[in-house]
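Structure data follow from input01.txt (compact mmCIF, C-alpha atoms (C1' of nucleotides)):
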```
# COMPACT_ATOMS: atom_id res chain seq x y z
CA MET A 1 232.98 115.54 36.58
CA ARG A 2 234.92 112.85 38.30
CA VAL A 3 236.95 109.83 37.26
CA SER A 4 235.51 106.73 38.90
CA THR A 5 237.45 104.58 41.34
CA LYS A 6 237.86 101.98 38.62
CA GLY A 7 239.90 104.30 36.47
CA ARG A 8 241.77 105.81 39.37
CA TYR A 9 242.62 102.47 40.96
CA ALA A 10 243.59 101.11 37.57
CA LEU A 11 246.17 103.83 37.24
CA ARG A 12 247.55 103.04 40.68
CA VAL A 13 247.67 99.35 39.87
CA MET A 14 249.45 99.97 36.59
CA LEU A 15 251.91 102.23 38.35
CA TYR A 16 252.52 99.53 40.90
CA LEU A 17 253.16 97.00 38.15
CA ALA A 18 255.44 99.48 36.42
CA GLU A 19 257.47 100.01 39.56
CA HIS A 20 257.79 96.25 39.90
CA TYR A 21 258.24 95.56 36.24
CA THR A 22 261.43 93.57 36.82
CA PHE A 23 259.96 91.48 39.64
CA GLY A 24 258.02 89.07 37.46
CA TYR A 25 254.40 88.19 38.12
CA ILE A 26 252.63 89.86 41.00
CA SER A 27 249.41 88.62 42.55
CA VAL A 28 246.20 90.54 43.18
CA LYS A 29 246.66 89.77 46.82
CA ASP A 30 249.94 91.66 46.98
CA ILE A 31 248.74 94.58 44.92
CA ALA A 32 245.58 94.95 46.96
CA LYS A 33 247.51 94.80 50.20
CA GLU A 34 250.12 97.33 49.14
CA GLU A 35 247.63 99.72 47.57
CA ASP A 36 245.11 99.18 50.35
CA LEU A 37 242.27 98.17 48.04
CA SER A 38 239.66 95.42 48.09
CA PRO A 39 241.21 92.32 46.46
CA LYS A 40 237.95 91.40 44.77
CA TYR A 41 237.58 94.83 43.30
CA VAL A 42 241.17 94.82 42.09
CA GLU A 43 240.42 91.51 40.43
CA GLN A 44 237.67 93.19 38.40
CA ILE A 45 240.04 95.87 37.32
CA MET A 46 242.70 93.35 36.36
CA CYS A 47 240.10 91.64 34.20
CA LYS A 48 239.52 94.83 32.23
CA LEU A 49 243.22 95.51 31.87
CA THR A 50 243.83 91.96 30.72
CA LYS A 51 241.07 92.13 28.13
CA ALA A 52 242.61 95.33 26.81
CA SER A 53 245.95 93.46 26.60
CA LEU A 54 247.69 95.93 28.87
CA ILE A 55 248.72 93.17 31.26
CA MET A 56 249.26 89.41 31.12
CA ALA A 57 248.33 86.81 33.67
CA VAL A 58 249.68 83.46 34.82
CA ARG A 59 247.53 81.30 37.04
CA GLY A 60 248.47 79.09 39.94
CA ALA A 61 251.04 79.34 42.67
CA HIS A 62 253.54 82.15 42.14
CA GLY A 63 251.37 83.36 39.30
CA GLY A 64 249.94 86.82 38.96
CA TYR A 65 250.09 89.72 36.58
CA ARG A 66 252.69 91.75 34.78
CA LEU A 67 252.75 94.46 32.14
CA THR A 68 252.82 93.03 28.63
CA ASN A 69 255.25 95.77 27.63
CA SER A 70 257.73 98.03 29.34
CA PRO A 71 256.26 101.03 31.22
CA SER A 72 257.12 103.49 28.46
CA HIS A 73 254.54 101.81 26.22
CA TYR A 74 251.59 102.84 28.36
CA SER A 75 249.83 106.16 28.44
CA VAL A 76 247.43 107.18 31.19
CA GLY A 77 244.88 107.68 28.43
CA GLN A 78 245.05 104.02 27.44
CA ILE A 79 244.57 102.89 31.00
CA ILE A 80 241.56 105.12 31.57
CA LYS A 81 240.02 104.13 28.29
CA ALA A 82 240.36 100.46 29.20
CA THR A 83 238.73 100.78 32.59
CA GLU A 84 236.29 103.70 32.72
CA SER A 85 232.74 103.11 31.58
CA TYR A 86 232.24 106.68 30.43
CA THR A 87 235.25 108.05 28.66
CA GLU A 88 233.37 111.10 27.45
CA PHE A 89 232.51 114.36 29.15
CA ALA A 90 229.13 114.43 27.46
CA PRO A 91 227.21 112.22 25.04
CA CYS A 92 227.93 114.85 22.39
CA ALA A 93 231.64 115.15 23.16
CA ASN A 94 232.42 112.83 20.29
CA SER A 95 233.24 114.26 16.90
CA ASP A 96 230.07 112.66 15.54
CA GLY A 97 227.93 114.39 18.14
CA GLY A 98 226.47 111.20 19.56
CA THR A 99 222.70 110.87 19.53
CA CYS A 100 221.71 114.41 20.46
CA PRO A 101 219.34 115.86 17.86
CA ARG A 102 220.43 119.40 18.77
CA TYR A 103 224.00 118.66 17.95
CA LYS A 104 224.26 120.67 14.76
CA LYS A 105 223.00 123.91 16.15
CA CYS A 106 224.16 123.53 19.76
CA ILE A 107 227.39 125.30 20.51
CA SER A 108 227.76 123.73 23.95
CA ALA A 109 228.66 120.48 22.18
CA ASP A 110 231.73 122.26 20.90
CA VAL A 111 232.71 123.07 24.45
CA TRP A 112 232.60 119.44 25.51
CA GLN A 113 234.49 118.37 22.43
CA LEU A 114 237.15 120.91 23.23
CA VAL A 115 237.47 119.67 26.81
CA GLN A 116 237.46 116.10 25.58
CA SER A 117 240.25 116.56 23.07
CA THR A 118 242.30 118.64 25.48
CA VAL A 119 242.19 116.00 28.18
CA GLU A 120 242.78 113.16 25.75
CA GLU A 121 245.78 114.95 24.31
CA LEU A 122 247.14 115.43 27.79
CA LEU A 123 246.57 111.88 29.01
CA ASN A 124 247.64 110.16 25.81
CA ASN A 125 251.01 111.84 26.04
CA LEU A 126 251.65 110.99 29.63
CA THR A 127 253.34 107.61 30.03
CA LEU A 128 253.96 105.45 33.04
CA THR A 129 257.66 106.19 32.60
CA ASP A 130 256.91 109.89 32.89
CA LEU A 131 255.09 109.19 36.14
CA LEU A 132 257.86 107.02 37.53
CA ARG A 133 260.29 109.83 36.82
CA MET A 134 258.00 112.30 38.55
CA GLN A 135 257.80 109.99 41.51
CA GLN A 136 261.56 109.77 41.81
CA ASN A 137 261.75 113.54 41.83
CA LYS A 138 259.10 113.59 44.51
CA LEU A 139 260.54 110.97 46.85
CA GLY A 140 264.03 110.03 45.84
CA THR A 141 264.55 106.54 44.42
CA PRO A 142 262.57 104.09 46.55
CA SER A 143 263.90 100.58 46.47
CA LEU A 144 262.71 99.14 49.72
CA TYR A 145 260.06 96.90 48.26
CA LEU A 146 261.97 93.72 49.02
CA THR A 147 261.78 94.46 52.72
CA TYR A 148 258.00 94.51 52.53
CA LEU A 149 257.52 91.72 50.03
CA PRO A 150 260.53 89.46 50.64
CA HIS A 151 259.09 86.57 48.65
CA LEU A 152 259.42 88.61 45.45
CA LYS A 153 262.75 88.10 43.76
CA LYS A 154 264.19 90.62 41.41
CA ILE A 155 264.90 89.09 38.01
CA ASP A 156 267.08 90.37 35.22
CA MET B 1 234.35 111.14 33.61
CA ARG B 2 231.25 112.95 32.59
CA VAL B 3 229.70 116.32 33.32
CA SER B 4 226.23 115.79 34.77
CA THR B 5 223.09 117.05 33.06
CA LYS B 6 222.90 119.81 35.64
CA GLY B 7 226.11 121.36 34.50
CA ARG B 8 225.45 120.74 30.83
CA TYR B 9 221.92 122.08 30.92
CA ALA B 10 223.10 125.05 32.94
CA LEU B 11 225.49 125.96 30.17
CA ARG B 12 222.73 125.71 27.60
CA VAL B 13 220.43 127.83 29.74
CA MET B 14 223.09 130.46 30.24
CA LEU B 15 223.78 130.48 26.53
CA TYR B 16 220.09 130.93 25.88
CA LEU B 17 219.95 133.85 28.30
CA ALA B 18 223.06 135.30 26.67
CA GLU B 19 221.51 135.11 23.23
CA HIS B 20 218.43 136.85 24.58
CA TYR B 21 220.28 139.25 26.80
CA THR B 22 218.51 142.27 25.31
CA PHE B 23 215.04 140.73 25.57
CA GLY B 24 214.52 141.38 29.26
CA TYR B 25 213.31 138.70 31.63
CA ILE B 26 212.67 135.24 30.30
CA SER B 27 210.62 132.59 32.06
CA VAL B 28 211.55 129.03 32.87
CA LYS B 29 208.62 127.94 30.76
CA ASP B 30 210.08 129.54 27.64
CA ILE B 31 213.60 128.32 28.29
CA ALA B 32 212.44 124.78 28.95
CA LYS B 33 210.30 124.76 25.83
CA GLU B 34 213.02 126.13 23.58
CA GLU B 35 215.74 123.94 25.02
CA ASP B 36 213.45 120.94 25.28
CA LEU B 37 214.06 120.35 28.97
CA SER B 38 211.82 119.57 31.93
CA PRO B 39 210.59 122.91 33.34
CA LYS B 40 210.82 121.66 36.89
CA TYR B 41 214.38 120.55 36.41
CA VAL B 42 215.31 123.84 34.80
CA GLU B 43 213.83 125.55 37.84
CA GLN B 44 216.31 123.67 40.03
CA ILE B 45 219.15 124.80 37.88
CA MET B 46 217.95 128.40 37.91
CA CYS B 47 217.96 128.21 41.68
CA LYS B 48 221.65 127.30 41.72
CA LEU B 49 222.53 129.96 39.21
CA THR B 50 220.60 132.57 41.18
CA LYS B 51 222.31 131.63 44.44
CA ALA B 52 225.64 132.03 42.70
CA SER B 53 224.49 135.47 41.54
CA LEU B 54 224.96 134.62 37.89
CA ILE B 55 221.36 135.47 37.10
CA MET B 56 218.59 137.62 38.59
CA ALA B 57 214.90 136.85 38.88
CA VAL B 58 211.69 138.81 38.88
CA ARG B 59 208.53 137.08 39.99
CA GLY B 60 205.01 137.39 38.69
CA ALA B 61 203.53 137.92 35.29
CA HIS B 62 206.12 138.79 32.65
CA GLY B 63 208.78 137.99 35.15
CA GLY B 64 211.58 135.51 34.68
CA TYR B 65 215.34 135.49 34.64
CA ARG B 66 218.14 137.42 33.07
CA LEU B 67 221.91 137.55 33.33
CA THR B 68 223.09 139.91 36.02
CA ASN B 69 225.92 141.01 33.75
CA SER B 70 226.61 141.05 30.04
CA PRO B 71 227.63 137.72 28.47
CA SER B 72 231.32 138.60 28.39
CA HIS B 73 231.40 138.49 32.19
CA TYR B 74 230.70 134.75 32.37
CA SER B 75 233.09 131.91 31.89
CA VAL B 76 232.01 128.32 31.36
CA GLY B 77 234.09 127.49 34.42
CA GLN B 78 231.95 129.71 36.63
CA ILE B 79 228.77 128.14 35.37
CA ILE B 80 229.98 124.61 35.93
CA LYS B 81 231.30 125.44 39.35
CA ALA B 82 227.93 126.89 40.33
CA THR B 83 225.93 123.89 39.23
CA GLU B 84 227.96 120.68 39.36
CA SER B 85 228.14 118.77 42.62
CA TYR B 86 231.59 117.37 41.94
CA THR B 87 233.90 119.90 40.39
CA GLU B 88 236.94 117.70 40.87
CA PHE B 89 238.29 114.81 38.86
CA ALA B 90 239.33 112.98 42.01
CA PRO B 91 239.16 113.65 45.74
CA CYS B 92 242.90 114.28 45.60
CA ALA B 93 242.77 116.61 42.58
CA ASN B 94 242.91 119.58 44.90
CA SER B 95 246.22 121.19 45.69
CA ASP B 96 245.80 120.13 49.33
CA GLY B 97 245.33 116.50 48.32
CA GLY B 98 241.92 116.13 49.95
CA THR B 99 241.56 113.43 52.58
CA CYS B 100 243.60 110.66 50.97
CA PRO B 101 246.31 109.43 53.35
CA ARG B 102 248.43 108.26 50.40
CA TYR B 103 248.53 111.73 48.96
CA LYS B 104 252.13 112.54 49.73
CA LYS B 105 253.65 109.48 48.14
CA CYS B 106 251.06 108.83 45.43
CA ILE B 107 252.02 110.15 42.04
CA SER B 108 248.62 109.49 40.52
CA ALA B 109 247.34 112.45 42.54
CA ASP B 110 249.63 114.61 40.46
CA VAL B 111 247.96 113.32 37.32
CA TRP B 112 244.51 114.35 38.52
CA GLN B 113 245.77 117.70 39.64
CA LEU B 114 247.26 118.24 36.22
CA VAL B 115 244.02 117.33 34.47
CA GLN B 116 242.11 119.48 36.92
CA SER B 117 244.17 122.59 36.38
CA THR B 118 244.26 122.10 32.62
CA VAL B 119 240.49 121.87 32.36
CA GLU B 120 239.94 124.75 34.78
CA GLU B 121 242.33 126.91 32.81
CA LEU B 122 240.47 126.08 29.64
CA LEU B 123 236.97 126.63 30.97
CA ASN B 124 237.78 129.73 32.98
CA ASN B 125 239.01 131.43 29.86
CA LEU B 126 236.06 130.56 27.71
CA THR B 127 233.30 133.16 27.97
CA LEU B 128 229.73 133.15 26.79
CA THR B 129 230.71 135.83 24.30
CA ASP B 130 233.30 133.47 22.87
CA LEU B 131 230.61 130.86 22.45
CA LEU B 132 228.15 133.26 20.86
CA ARG B 133 230.84 134.19 18.37
CA MET B 134 231.51 130.53 17.67
CA GLN B 135 227.83 130.01 17.13
CA GLN B 136 227.64 132.79 14.60
CA ASN B 137 230.49 131.26 12.69
CA LYS B 138 228.70 127.93 12.80
CA LEU B 139 225.26 129.07 11.71
CA GLY B 140 225.35 132.60 10.47
CA THR B 141 223.61 135.22 12.61
CA PRO B 142 220.30 133.77 13.78
CA SER B 143 217.71 136.37 14.63
CA LEU B 144 214.47 134.53 14.14
CA TYR B 145 213.61 134.17 17.78
CA LEU B 146 210.72 136.62 17.58
CA THR B 147 208.94 134.32 15.17
CA TYR B 148 209.01 131.55 17.71
CA LEU B 149 208.42 133.65 20.79
CA PRO B 150 206.41 136.61 19.51
CA HIS B 151 205.46 137.79 22.99
CA LEU B 152 209.08 138.66 23.66
CA LYS B 153 209.89 142.20 22.71
CA LYS B 154 213.39 143.31 21.99
CA ILE B 155 214.40 146.24 24.19
CA ASP B 156 217.23 148.68 23.80
C1' DA C 1 190.60 138.97 42.26
C1' DA C 2 192.79 136.24 38.88
C1' DT C 3 196.85 135.08 36.73
C1' DT C 4 201.62 134.26 36.03
C1' DA C 5 205.62 133.70 37.63
C1' DT C 6 209.58 132.51 41.08
C1' DC C 7 210.80 130.26 45.51
C1' DC C 8 211.51 126.45 48.51
C1' DT C 9 211.53 121.97 50.42
C1' DA C 10 210.91 117.48 50.18
C1' DC C 11 210.17 113.43 47.70
C1' DT C 12 210.53 109.56 44.03
C1' DT C 13 212.66 107.13 40.53
C1' DT C 14 216.35 105.60 37.89
C1' DT C 15 220.98 104.65 36.99
C1' DA C 16 225.61 103.87 37.81
C1' DA C 17 229.28 103.14 41.00
C1' DA C 18 231.33 100.30 44.21
C1' DG C 19 232.03 96.24 46.07
C1' DT C 20 230.98 90.89 47.22
C1' DG C 21 230.56 85.85 46.74
C1' DG C 22 231.39 81.53 45.12
C1' DG C 23 232.71 78.06 42.19
C1' DA C 24 235.44 76.50 37.83
C1' DA C 25 239.89 76.31 35.60
C1' DT C 26 244.82 76.13 35.74
C1' DA C 27 249.46 76.06 37.39
C1' DT C 28 252.86 74.95 41.08
C1' DT C 29 254.59 72.53 44.92
C1' DA C 30 255.07 68.84 48.16
C1' DT D 1 248.69 62.58 43.10
C1' DA D 2 246.85 65.64 46.51
C1' DA D 3 247.03 70.14 48.35
C1' DT D 4 247.51 74.79 47.49
C1' DA D 5 247.62 79.15 45.20
C1' DT D 6 246.30 81.65 41.87
C1' DT D 7 243.45 83.64 37.83
C1' DC D 8 238.89 83.47 35.56
C1' DC D 9 234.08 84.28 35.14
C1' DC D 10 229.48 85.46 36.18
C1' DA D 11 226.08 86.96 38.93
C1' DC D 12 224.66 89.37 42.80
C1' DT D 13 224.16 93.16 46.54
C1' DT D 14 224.61 97.54 48.35
C1' DT D 15 225.23 102.32 48.25
C1' DA D 16 225.19 106.77 46.41
C1' DA D 17 224.27 110.07 43.19
C1' DA D 18 221.92 111.66 39.22
C1' DA D 19 217.74 112.95 37.31
C1' DG D 20 213.46 114.41 37.65
C1' DT D 21 208.67 115.43 40.26
C1' DA D 22 205.13 117.46 43.33
C1' DG D 23 202.98 120.92 45.55
C1' DG D 24 202.22 124.75 48.14
C1' DA D 25 204.05 129.59 49.63
C1' DT D 26 205.26 134.06 47.95
C1' DA D 27 205.34 137.99 44.94
C1' DA D 28 204.39 140.81 40.89
C1' DT D 29 201.29 142.08 37.06
C1' DT D 30 196.93 142.72 34.83
```
Turn this file's structure into structure tokens for me.
Amino acid sequence: MRVSTKGRYALRVMLYLAEHYTFGYISVKDIAKEEDLSPKYVEQIMCKLTKASLIMAVRGAHGGYRLTNSPSHYSVGQIIKATESYTEFAPCANSDGGTCPRYKKCISADVWQLVQSTVEELLNNLTLTDLLRMQQNKLGTPSLYLTYLPHLKKID
Amino acid sequence: MRVSTKGRYALRVMLYLAEHYTFGYISVKDIAKEEDLSPKYVEQIMCKLTKASLIMAVRGAHGGYRLTNSPSHYSVGQIIKATESYTEFAPCANSDGGTCPRYKKCISADVWQLVQSTVEELLNNLTLTDLLRMQQNKLGTPSLYLTYLPHLKKID
DNA sequence: AATTATCCTACTTTTAAAGTGGGAATATTA
DNA sequence: TAATATTCCCACTTTAAAAGTAGGATAATT
């Protein structure tokens, strides 16, 4: 019962992009360095996020990625759905019961459906903006990024 | 983000034992047959449940397993905790943040903690009795077990 | 004594997670 | 136009965990 690194890293990456939403395009190299992740692995994750249209890319020098929309448009649920291979707690956690032949008489399926819908409800209603707000409460407003990544210029 | 077969089967096994709570000791062979699971694998699961004191065993002919307490004493949470290897959604889903060095500044940890506590709350408050009641609503009271397992005698 | 069960430990197989490698395509800069 | 910096894409490797097996020791019943 664990979210894989793909989903967890994806959330961190999306949070990073949300924090730097006004900085324009950000490269995998920078994200990987700041988040202390393997660049190649981050690339894989970016691929999934791009295919799900959560982010946009520009190639070449000074290219990189950015959110396609402002942070408030993204729920954690969306991000997990786009990156995790198994989104379900059990094969029968779907409302159609999946392929299990015992589905109709098996009450444990109802348990997994309940867990499933509870978690989905929670994550679908939690946006990146919510998380950024939580982070500010946790740390105070951090705006030191330019000191660490001086080549990034804030745009308006 | 999936509960392993160990945890899922364990729930089914415990539900089976709960349904047959008044039938005395029930063997792995019978459980495996009725639930359509590998007997050897069920044995492994029984071992975990026994070590967690959720069930008791008697060896030898007409031996088997039974719940140590009545069904109302068991929550789904307990059963999962006893059988799953990873009970956490992320290494940092614990209130102590686990071993992640980014824990203090990383807001995504808060997300996993929130999911964690939500699911725990849900599963800890869902008892086998609740599930048996749900099952009756789903199917009507099923009491045909003696036809399938005639060697089992109902005791009072 | 034979049978029916749990107990226990170790092993095998299968699957998915996690991460790498390298070259093609594309954009920018000098 | 050449060099450079990036994404893009596909295939591959490694590692770890899930899933399931095997077999003999122990204990209770018949």
Problem set entry | Residue neighbourhood Ile26 in chain B, 12 Å, all atoms listed in the file, exclusion window fewer than 6 positions, as number ranges by chain | B: 13-14, 16-20, 32-34, 46, 55-67, 149, 151-154; C: 5-6
For this session: Could the residues of chain B within 12 Å of chain D, counting all atoms listed in the file, be given as number ranges by chain, please?
Result: B: 2-7, 9, 37-45, 57-64, 84-86
Problem set entry | Within 6 Å of chain A: residues of chain B, using all atoms listed in the file, as a ChimeraX atom specification | /B:1-3,86-90,107,135
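What separates CA of Asn137 in chain B from CA of Lys81 in chain B is a distance of 27.3 Å.
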For this session: Give me, as a PyMOL selection string, the contact residues of chain C against chain A at a cut-off of 9 Å, counting all atoms listed in the file.
Result: chain C and resi 17-20+26-29
For this session: Could you tell me how far CA of Ala82 in chain B lies from CA of Tyr21 in chain B, in Å and to one decimal?
Result: 19.9 Å
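Computed from the coordinates, the CA of Thr83 in chain B to CA of Leu128 in chain B distance equals 16.0 Å.
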